[in-house]
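To be precise, the following lines are entry-v4.cif, and they hold mmCIF, C-alpha atoms.
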data_my_file
#
loop_
_atom_site.group_PDB
_atom_site.id
_atom_site.type_symbol
_atom_site.label_atom_id
_atom_site.label_comp_id
_atom_site.auth_asym_id
_atom_site.auth_seq_id
_atom_site.Cartn_x
_atom_site.Cartn_y
_atom_site.Cartn_z
ATOM 1 C CA MET A 1480 24.001 15.838 10.405
ATOM 2 C CA GLY A 1481 23.014 12.214 9.757
ATOM 3 C CA ILE A 1482 20.886 11.869 12.891
ATOM 4 C CA PHE A 1483 18.978 15.063 12.070
ATOM 5 C CA LEU A 1484 18.152 13.784 8.589
ATOM 6 C CA ASP A 1485 17.016 10.474 10.082
ATOM 7 C CA ILE A 1486 14.695 12.344 12.434
ATOM 8 C CA PHE A 1487 13.469 14.653 9.659
ATOM 9 C CA VAL A 1488 12.501 11.893 7.214
ATOM 10 C CA THR A 1489 10.876 9.874 10.017
ATOM 11 C CA VAL A 1490 8.780 12.791 11.312
ATOM 12 C CA MET A 1491 7.898 13.758 7.753
ATOM 13 C CA GLY A 1492 6.837 10.166 7.104
ATOM 14 C CA ALA A 1493 4.502 10.245 10.120
ATOM 15 C CA ALA A 1494 2.987 13.536 8.908
ATOM 16 C CA ILE A 1495 2.437 12.054 5.438
ATOM 17 C CA GLY A 1496 0.863 9.053 7.150
ATOM 18 C CA SER A 1497 -1.721 11.383 8.694
ATOM 19 C CA PHE A 1498 -2.658 12.516 5.180
ATOM 20 C CA LEU A 1499 -2.785 8.907 4.001
ATOM 21 C CA ASN A 1500 -5.410 8.253 6.662
ATOM 22 C CA VAL A 1501 -7.548 10.958 5.051
ATOM 23 C CA CYS A 1502 -7.103 9.271 1.665
ATOM 24 C CA ILE A 1503 -8.045 5.871 3.109
ATOM 25 C CA LEU A 1504 -11.191 7.349 4.628
ATOM 26 C CA ARG A 1505 -12.345 9.486 1.705
ATOM 27 C CA LEU A 1506 -11.201 7.877 -1.556
ATOM 28 C CA PRO A 1507 -13.799 5.071 -1.414
ATOM 29 C CA GLU A 1508 -16.552 7.720 -1.131
ATOM 30 C CA GLU A 1509 -17.267 8.919 -4.661
ATOM 31 C CA GLY A 1510 -16.980 12.681 -5.029
ATOM 32 C CA GLN A 1511 -15.203 13.175 -1.684
ATOM 33 C CA SER A 1512 -12.324 15.646 -1.642
ATOM 34 C CA ILE A 1513 -9.134 14.569 0.131
ATOM 35 C CA VAL A 1514 -8.319 18.228 0.816
ATOM 36 C CA ARG A 1515 -11.572 19.746 2.116
ATOM 37 C CA PRO A 1516 -13.078 19.820 4.647
ATOM 38 C CA SER A 1517 -10.373 19.625 7.292
ATOM 39 C CA SER A 1518 -10.050 16.514 9.445
ATOM 40 C CA ARG A 1519 -13.120 15.844 11.589
ATOM 41 C CA CYS A 1520 -14.254 13.260 14.096
ATOM 42 C CA PRO A 1521 -16.207 10.631 12.125
ATOM 43 C CA ARG A 1522 -18.660 10.280 15.031
ATOM 44 C CA CYS A 1523 -19.563 13.814 16.147
ATOM 45 C CA GLY A 1524 -18.307 15.797 13.141
ATOM 46 C CA HIS A 1525 -16.262 18.294 15.196
ATOM 47 C CA ALA A 1526 -13.187 19.668 13.435
ATOM 48 C CA ILE A 1527 -10.010 18.249 14.921
ATOM 49 C CA ARG A 1528 -7.848 20.940 16.537
ATOM 50 C CA TRP A 1529 -4.305 21.243 15.243
ATOM 51 C CA TYR A 1530 -2.828 20.147 18.580
ATOM 52 C CA ASP A 1531 -5.023 17.051 18.511
ATOM 53 C CA ASN A 1532 -3.779 16.180 15.038
ATOM 54 C CA VAL A 1533 -0.112 15.528 15.819
ATOM 55 C CA PRO A 1534 0.747 12.114 14.356
ATOM 56 C CA ILE A 1535 0.873 9.257 16.894
ATOM 57 C CA LEU A 1536 1.372 11.568 19.904
ATOM 58 C CA SER A 1537 -2.163 12.993 19.846
ATOM 59 C CA TYR A 1538 -3.641 9.498 19.777
ATOM 60 C CA LEU A 1539 -1.579 8.528 22.836
ATOM 61 C CA ILE A 1540 -2.354 11.751 24.717
ATOM 62 C CA LEU A 1541 -6.095 11.456 24.022
ATOM 63 C CA ARG A 1542 -5.986 7.721 24.771
ATOM 64 C CA GLY A 1543 -7.588 6.924 21.457
ATOM 65 C CA ALA A 1544 -10.735 8.995 21.998
ATOM 66 C CA CYS A 1545 -12.232 12.197 20.542
ATOM 67 C CA ARG A 1546 -11.778 15.207 22.833
ATOM 68 C CA ASP A 1547 -15.341 16.417 22.089
ATOM 69 C CA CYS A 1548 -17.542 13.323 22.136
ATOM 70 C CA GLY A 1549 -15.307 10.716 23.724
ATOM 71 C CA GLY A 1550 -15.875 8.347 20.812
ATOM 72 C CA LYS A 1551 -13.155 5.815 20.133
ATOM 73 C CA ILE A 1552 -10.634 6.652 17.407
ATOM 74 C CA SER A 1553 -9.650 3.721 15.219
ATOM 75 C CA LEU A 1554 -6.228 2.197 15.886
ATOM 76 C CA GLN A 1555 -5.725 2.452 12.130
ATOM 77 C CA TYR A 1556 -4.743 6.128 12.472
ATOM 78 C CA PRO A 1557 -1.587 5.756 14.591
ATOM 79 C CA LEU A 1558 -0.791 2.447 12.866
ATOM 80 C CA VAL A 1559 -0.700 4.042 9.402
ATOM 81 C CA GLU A 1560 1.298 7.014 10.740
ATOM 82 C CA ALA A 1561 3.851 4.761 12.431
ATOM 83 C CA LEU A 1562 4.092 2.462 9.404
ATOM 84 C CA THR A 1563 4.645 5.364 7.023
ATOM 85 C CA ALA A 1564 7.274 6.870 9.340
ATOM 86 C CA LEU A 1565 9.094 3.525 9.458
ATOM 87 C CA LEU A 1566 8.969 3.072 5.681
ATOM 88 C CA SER A 1567 10.290 6.593 5.121
ATOM 89 C CA PHE A 1568 13.192 5.932 7.495
ATOM 90 C CA LEU A 1569 14.068 2.534 6.006
ATOM 91 C CA LEU A 1570 13.969 3.862 2.439
ATOM 92 C CA PHE A 1571 16.163 6.782 3.471
ATOM 93 C CA ARG A 1572 18.697 4.347 4.932
ATOM 94 C CA LYS A 1573 18.600 2.403 1.658
ATOM 95 C CA TYR A 1574 18.745 5.255 -0.862
ATOM 96 C CA GLY A 1575 19.802 8.357 1.058
ATOM 97 C CA LEU A 1576 18.239 11.737 0.349
ATOM 98 C CA SER A 1577 17.761 11.183 -3.375
ATOM 99 C CA TRP A 1578 15.195 10.971 -6.148
ATOM 100 C CA ALA A 1579 15.174 7.197 -5.654
ATOM 101 C CA TRP A 1580 14.138 7.690 -2.022
ATOM 102 C CA LEU A 1581 11.400 10.164 -2.980
ATOM 103 C CA PHE A 1582 9.784 8.023 -5.673
ATOM 104 C CA SER A 1583 10.163 4.824 -3.657
ATOM 105 C CA PHE A 1584 8.444 6.573 -0.758
ATOM 106 C CA LEU A 1585 5.597 7.738 -3.008
ATOM 107 C CA PHE A 1586 5.279 4.175 -4.264
ATOM 108 C CA VAL A 1587 5.000 2.621 -0.786
ATOM 109 C CA CYS A 1588 2.576 5.383 0.265
ATOM 110 C CA SER A 1589 0.349 4.306 -2.612
ATOM 111 C CA LEU A 1590 0.639 0.702 -1.448
ATOM 112 C CA VAL A 1591 -0.330 1.638 2.121
ATOM 113 C CA VAL A 1592 -3.474 3.464 0.968
ATOM 114 C CA ILE A 1593 -4.450 0.648 -1.397
ATOM 115 C CA ALA A 1594 -3.893 -2.070 1.222
ATOM 116 C CA PHE A 1595 -6.000 -0.403 3.918
ATOM 117 C CA ILE A 1596 -8.817 0.523 1.535
ATOM 118 C CA ASP A 1597 -8.932 -3.034 0.209
ATOM 119 C CA LEU A 1598 -8.992 -4.402 3.759
ATOM 120 C CA ARG A 1599 -11.894 -2.147 4.727
ATOM 121 C CA HIS A 1600 -13.958 -2.086 1.528
ATOM 122 C CA GLN A 1601 -12.567 -4.885 -0.677
ATOM 123 C CA ILE A 1602 -11.941 -2.439 -3.502
ATOM 124 C CA ILE A 1603 -8.741 -1.113 -5.047
ATOM 125 C CA PRO A 1604 -9.202 2.516 -6.128
ATOM 126 C CA HIS A 1605 -8.541 3.120 -9.819
ATOM 127 C CA ALA A 1606 -7.796 6.730 -8.849
ATOM 128 C CA ILE A 1607 -4.415 5.475 -7.589
ATOM 129 C CA THR A 1608 -3.544 2.552 -9.849
ATOM 130 C CA LEU A 1609 -4.476 3.899 -13.288
ATOM 131 C CA PRO A 1610 -2.446 7.140 -13.085
ATOM 132 C CA GLY A 1611 0.107 5.238 -11.002
ATOM 133 C CA ILE A 1612 1.045 2.920 -13.869
ATOM 134 C CA PRO A 1613 2.492 5.598 -16.234
ATOM 135 C CA PHE A 1614 3.737 7.758 -13.334
ATOM 136 C CA PHE A 1615 5.752 5.022 -11.631
ATOM 137 C CA LEU A 1616 6.887 3.579 -14.963
ATOM 138 C CA ALA A 1617 8.421 6.950 -15.872
ATOM 139 C CA ALA A 1618 9.897 7.361 -12.371
ATOM 140 C CA ALA A 1619 11.503 3.911 -12.492
ATOM 141 C CA ALA A 1620 13.023 4.519 -15.923
ATOM 142 C CA LEU A 1621 14.276 8.018 -15.123
ATOM 143 C CA PHE A 1622 15.290 7.814 -11.453
ATOM 144 C CA MET A 1623 15.509 4.186 -10.321
ATOM 145 C CA GLY A 1624 18.012 2.898 -12.871
ATOM 146 C CA TYR A 1625 15.670 0.507 -14.697
ATOM 147 C CA ARG A 1626 15.622 0.178 -18.458
ATOM 148 C CA PHE A 1627 12.401 1.395 -20.057
ATOM 149 C CA VAL A 1628 11.778 -2.001 -21.651
ATOM 150 C CA ASP A 1629 12.017 -3.733 -18.240
ATOM 151 C CA VAL A 1630 9.391 -1.547 -16.585
ATOM 152 C CA PHE A 1631 7.171 -1.501 -19.671
ATOM 153 C CA LEU A 1632 7.224 -5.298 -19.716
ATOM 154 C CA GLY A 1633 6.636 -5.244 -15.957
ATOM 155 C CA ALA A 1634 3.397 -3.322 -16.415
ATOM 156 C CA ALA A 1635 2.259 -5.442 -19.367
ATOM 157 C CA ILE A 1636 3.131 -8.831 -17.863
ATOM 158 C CA GLY A 1637 1.762 -7.820 -14.466
ATOM 159 C CA ALA A 1638 -1.613 -6.938 -15.948
ATOM 160 C CA ALA A 1639 -1.695 -10.001 -18.218
ATOM 161 C CA THR A 1640 -0.762 -12.419 -15.416
ATOM 162 C CA LEU A 1641 -3.617 -11.571 -13.061
ATOM 163 C CA TYR A 1642 -6.062 -11.065 -15.919
ATOM 164 C CA PHE A 1643 -5.366 -14.620 -17.062
ATOM 165 C CA VAL A 1644 -5.725 -15.930 -13.496
ATOM 166 C CA ALA A 1645 -9.019 -14.061 -13.051
ATOM 167 C CA VAL A 1646 -10.479 -15.339 -16.336
ATOM 168 C CA TYR A 1647 -9.322 -18.920 -15.703
ATOM 169 C CA TYR A 1648 -10.647 -18.950 -12.124
ATOM 170 C CA GLU A 1649 -14.051 -17.639 -13.193
ATOM 171 C CA ALA A 1650 -14.254 -20.160 -16.028
ATOM 172 C CA VAL A 1651 -13.457 -23.076 -13.696
ATOM 173 C CA THR A 1652 -15.469 -22.054 -10.619
ATOM 174 C CA GLY A 1653 -18.228 -19.962 -12.155
ATOM 175 C CA ARG A 1654 -17.609 -17.070 -9.770
ATOM 176 C CA GLU A 1655 -15.374 -14.031 -9.799
ATOM 177 C CA GLY A 1656 -12.232 -14.486 -7.737
ATOM 178 C CA MET A 1657 -10.168 -11.467 -8.678
ATOM 179 C CA GLY A 1658 -11.282 -8.048 -9.859
ATOM 180 C CA GLY A 1659 -9.843 -5.507 -12.247
ATOM 181 C CA GLY A 1660 -8.367 -3.618 -9.305
ATOM 182 C CA ASP A 1661 -5.908 -6.444 -8.591
ATOM 183 C CA VAL A 1662 -4.938 -6.517 -12.276
ATOM 184 C CA ASN A 1663 -4.221 -2.779 -12.293
ATOM 185 C CA LEU A 1664 -2.333 -3.022 -8.997
ATOM 186 C CA LEU A 1665 0.076 -5.684 -10.247
ATOM 187 C CA ALA A 1666 0.555 -3.657 -13.442
ATOM 188 C CA MET A 1667 1.528 -0.638 -11.285
ATOM 189 C CA ILE A 1668 3.885 -2.793 -9.225
ATOM 190 C CA GLY A 1669 5.533 -4.181 -12.349
ATOM 191 C CA ALA A 1670 5.789 -0.690 -13.825
ATOM 192 C CA PHE A 1671 7.892 0.469 -10.857
ATOM 193 C CA LEU A 1672 9.837 -2.683 -9.963
ATOM 194 C CA GLY A 1673 10.283 -4.189 -13.431
ATOM 195 C CA TRP A 1674 9.215 -7.525 -14.864
ATOM 196 C CA LYS A 1675 11.830 -9.479 -12.883
ATOM 197 C CA SER A 1676 10.026 -8.573 -9.650
ATOM 198 C CA LEU A 1677 6.757 -10.233 -10.633
ATOM 199 C CA LEU A 1678 7.695 -13.825 -9.821
ATOM 200 C CA PHE A 1679 8.752 -12.827 -6.306
ATOM 201 C CA VAL A 1680 5.737 -10.572 -5.734
ATOM 202 C CA VAL A 1681 3.175 -13.116 -6.967
ATOM 203 C CA LEU A 1682 4.710 -16.063 -5.104
ATOM 204 C CA ALA A 1683 5.243 -14.148 -1.853
ATOM 205 C CA SER A 1684 1.764 -12.610 -1.885
ATOM 206 C CA SER A 1685 0.105 -15.917 -2.799
ATOM 207 C CA LEU A 1686 1.913 -17.801 -0.035
ATOM 208 C CA LEU A 1687 1.180 -15.142 2.573
ATOM 209 C CA GLY A 1688 -2.410 -14.810 1.380
ATOM 210 C CA ALA A 1689 -2.960 -18.561 1.594
ATOM 211 C CA VAL A 1690 -1.579 -18.777 5.143
ATOM 212 C CA VAL A 1691 -3.542 -15.781 6.396
ATOM 213 C CA GLY A 1692 -6.685 -16.757 4.475
ATOM 214 C CA ILE A 1693 -6.748 -20.270 5.915
ATOM 215 C CA ALA A 1694 -6.130 -18.926 9.420
ATOM 216 C CA VAL A 1695 -8.985 -16.428 9.086
ATOM 217 C CA MET A 1696 -11.390 -19.021 7.682
ATOM 218 C CA VAL A 1697 -10.583 -21.455 10.497
ATOM 219 C CA ALA A 1698 -10.937 -18.715 13.138
ATOM 220 C CA LYS A 1699 -14.298 -17.549 11.730
ATOM 221 C CA GLY A 1700 -15.602 -20.977 10.791
ATOM 222 C CA LYS A 1701 -15.930 -20.085 7.106
ATOM 223 C CA ASP A 1702 -15.531 -22.291 4.050
ATOM 224 C CA MET A 1703 -13.287 -21.822 1.003
ATOM 225 C CA LYS A 1704 -15.810 -19.443 -0.589
ATOM 226 C CA TYR A 1705 -15.072 -16.794 2.068
ATOM 227 C CA ALA A 1706 -13.675 -13.713 0.298
ATOM 228 C CA ILE A 1707 -10.231 -12.505 1.387
ATOM 229 C CA PRO A 1708 -8.931 -9.345 -0.347
ATOM 230 C CA PHE A 1709 -5.733 -10.099 -2.262
ATOM 231 C CA GLY A 1710 -4.589 -6.490 -2.691
ATOM 232 C CA PRO A 1711 -2.918 -6.148 0.748
ATOM 233 C CA PHE A 1712 -0.802 -9.237 0.095
ATOM 234 C CA LEU A 1713 0.316 -7.891 -3.288
ATOM 235 C CA CYS A 1714 1.280 -4.654 -1.533
ATOM 236 C CA ILE A 1715 3.288 -6.533 1.100
ATOM 237 C CA GLY A 1716 5.013 -8.588 -1.594
ATOM 238 C CA ALA A 1717 5.900 -5.443 -3.557
ATOM 239 C CA ALA A 1718 7.290 -3.687 -0.470
ATOM 240 C CA ALA A 1719 9.308 -6.792 0.446
ATOM 241 C CA TYR A 1720 10.810 -6.906 -3.052
ATOM 242 C CA LEU A 1721 11.669 -3.217 -2.921
ATOM 243 C CA PHE A 1722 13.704 -3.741 0.247
ATOM 244 C CA CYS A 1723 15.286 -7.155 -0.228
ATOM 245 C CA GLY A 1724 13.603 -9.168 -2.981
ATOM 246 C CA GLU A 1725 16.096 -8.439 -5.740
ATOM 247 C CA ARG A 1726 19.069 -9.649 -3.689
ATOM 248 C CA LEU A 1727 17.099 -12.671 -2.477
ATOM 249 C CA MET A 1728 16.101 -13.683 -6.012
ATOM 250 C CA GLU A 1729 19.710 -13.333 -7.205
ATOM 251 C CA ARG A 1730 20.906 -15.652 -4.440
ATOM 252 C CA ILE A 1731 18.222 -18.234 -5.207
ATOM 253 C CA LEU A 1732 18.599 -18.198 -8.997
ATOM 254 C CA PHE A 1733 22.343 -17.645 -9.376
ATOM 255 C CA ARG A 1734 23.908 -19.290 -6.323
#
Just give me the structure of the file as structure tokens.
Amino acid sequence: MGIFLDIFVTVMGAAIGSFLNVCILRLPEEGQSIVRPSSRCPRCGHAIRWYDNVPILSYLILRGACRDCGGKISLQYPLVEALTALLSFLLFRKYGLSWAWLFSFLFVCSLVVIAFIDLRHQIIPHAITLPGIPFFLAAAALFMGYRFVDVFLGAAIGAATLYFVAVYYEAVTGREGMGGGDVNLLAMIGAFLGWKSLLFVVLASSLLGAVVGIAVMVAKGKDMKYAIPFGPFLCIGAAAYLFCGERLMERILFR
């Protein structure tokens, strides 16, 4: 029975990943529905047939091209589907078929959408983070075993931390370095993972962001003013904490 559940949650994760691709494409466009119209080729506008919309497999069979116009399909589509399938499987192995698995999966799905939208458009959609703060706070308190005060403080401290950084950076440099979207995102992360997660998430995302940012600037010949979206690194830090950060912090602080 175990192997069938593994397969089920993995396939389901890939199918959800296909929907996440729709969200990534349409949420930045104001007024766009994520339900209608059905999936279409962004180049020629033809509706995608159901047998060409099978996660990962259709991309491989079509060799990354539209059946109608031959236009290239972004590698993002199978990447998001495969990533979501993997996250669903790993969370299932961690929590089993439980409410904790379900809400953790919804949380990482939100992170995937936010990360890819921020990479493409350098915006973090309030349509996810603002309702996500109370939703994930309630889920963490009711189903993840956190005390209400811990997740409430997580949301409050998360928002206050990046707000302070943003205000201080702008005062010192005279330019905006971090937007309200990052503030809301860290508040949502703290609301689900609790205030104790914030040190790990901020440090891990800052370190990773610095390494990647410097590498990108060197590769592109840019200076320190080159804008690198911070949201994807916060999302990676949050996902890392969800899987192993709590145990890692305990070993570091209480060894």
Counting only C-alpha atoms, which residues of region 1529-1583 of chain A sit at most 10 Å from some atom of region 1500-1509 of chain A, and what is each one's closest atom pair with its distance in Å to one decimal, listed by chain and rising residue number, as CSV?
residue,atom,partner,partner_atom,distance
A:Gln1555,CA,A:Asn1500,CA,8.0
A:Tyr1556,CA,A:Asn1500,CA,6.2
A:Pro1557,CA,A:Asn1500,CA,9.1
A:Leu1558,CA,A:Asn1500,CA,9.7
A:Val1559,CA,A:Asn1500,CA,6.9
A:Glu1560,CA,A:Asn1500,CA,7.9
>> Could you tell me how far CA of Phe1595 (chain A) sits from CA of Cys1520 (chain A), in Å to one decimal place?
In response: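 Rounded to one decimal, the two atoms are 18.9 Å apart.
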> Quick one: of A:Leu1687, A:Leu1677, A:Leu1598, A:Ala1694, who's nearest to Ile1636 (chain A), counting all atoms listed in the file?
Replying inline: A:Leu1677
> Taking the file as shown, what set of residues would the PyMOL selection byres ((chain A and resi 1684) around 8) give back, as a PyMOL selection string?
Replying inline: chain A and resi 1680-1683+1685-1688+1709+1712-1716
>> If I take CA of Met1696 (chain A) and CA of Gly1658 (chain A), how far is one from the other in Å, to one decimal?
In response: 20.7 Å
>> For a quick check of understanding, using only C-alpha atoms, which of A:Ile1607, A:Ala1706, A:Ile1668, A:Ile1612 has the smallest distance to Gly1637 (chain A)?
In response: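 Under the stated criterion, the closest residue is A:Ile1668.
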> Can you list, as a PyMOL selection string, the residues that the PyMOL selection byres ((chain A and resi 1635) around 10) selects here?
Replying inline: chain A and resi 1629-1634+1636-1640+1663+1665-1667+1669-1670+1674
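The residues that lie within 10 Å of the point (13.2, 8.3, -2.0), counting all atoms listed in the file, are Val1488, Ser1567, Phe1568, Leu1569, Leu1570, Phe1571, Arg1572, Lys1573, Tyr1574, Gly1575, Leu1576, Ser1577, Trp1578, Ala1579, Trp1580, Leu1581, Phe1582, Ser1583, Phe1584, Leu1585, Phe1586, Phe1622 and Met1623 of chain A.
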Next, dump the selected residues to file, keeping only C-alpha atoms, as a short mmCIF file (atom, residue, chain, number, x, y, z; two decimals), in the coordinates of the input.
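As written to disk, result_26.cif reads:
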data_model
loop_
_atom_site.label_atom_id
_atom_site.label_comp_id
_atom_site.auth_asym_id
_atom_site.auth_seq_id
_atom_site.Cartn_x
_atom_site.Cartn_y
_atom_site.Cartn_z
CA VAL A 1488 12.50 11.89 7.21
CA SER A 1567 10.29 6.59 5.12
CA PHE A 1568 13.19 5.93 7.50
CA LEU A 1569 14.07 2.53 6.01
CA LEU A 1570 13.97 3.86 2.44
CA PHE A 1571 16.16 6.78 3.47
CA ARG A 1572 18.70 4.35 4.93
CA LYS A 1573 18.60 2.40 1.66
CA TYR A 1574 18.74 5.26 -0.86
CA GLY A 1575 19.80 8.36 1.06
CA LEU A 1576 18.24 11.74 0.35
CA SER A 1577 17.76 11.18 -3.38
CA TRP A 1578 15.20 10.97 -6.15
CA ALA A 1579 15.17 7.20 -5.65
CA TRP A 1580 14.14 7.69 -2.02
CA LEU A 1581 11.40 10.16 -2.98
CA PHE A 1582 9.78 8.02 -5.67
CA SER A 1583 10.16 4.82 -3.66
CA PHE A 1584 8.44 6.57 -0.76
CA LEU A 1585 5.60 7.74 -3.01
CA PHE A 1586 5.28 4.18 -4.26
CA PHE A 1622 15.29 7.81 -11.45
CA MET A 1623 15.51 4.19 -10.32
#
Region 1596-1639 of chain A near region 1589-1592 of chain A within 12 Å: what's each residue's closest atom pair and its distance in Å to one decimal, counting all atoms listed in the file, ordered by chain then ascending residue number, as CSV?
residue,atom,partner,partner_atom,distance
A:Ile1596,CA,A:Val1592,CA,6.1
A:Asp1597,CA,A:Val1592,CA,8.5
A:Leu1598,CA,A:Val1592,CA,10.0
A:Arg1599,CA,A:Val1592,CA,10.8
A:His1600,CA,A:Val1592,CA,11.9
A:Ile1602,CA,A:Val1592,CA,11.2
A:Ile1603,CA,A:Val1592,CA,9.2
A:Pro1604,CA,A:Val1592,CA,9.2
A:His1605,CA,A:Ser1589,CA,11.5
A:Ala1606,CA,A:Ser1589,CA,10.5
A:Ile1607,CA,A:Ser1589,CA,7.0
A:Thr1608,CA,A:Ser1589,CA,8.4
A:Leu1609,CA,A:Ser1589,CA,11.7
A:Pro1610,CA,A:Ser1589,CA,11.2
A:Gly1611,CA,A:Ser1589,CA,8.4
A:Ile1612,CA,A:Ser1589,CA,11.4
A:Phe1614,CA,A:Ser1589,CA,11.8
A:Phe1615,CA,A:Ser1589,CA,10.5
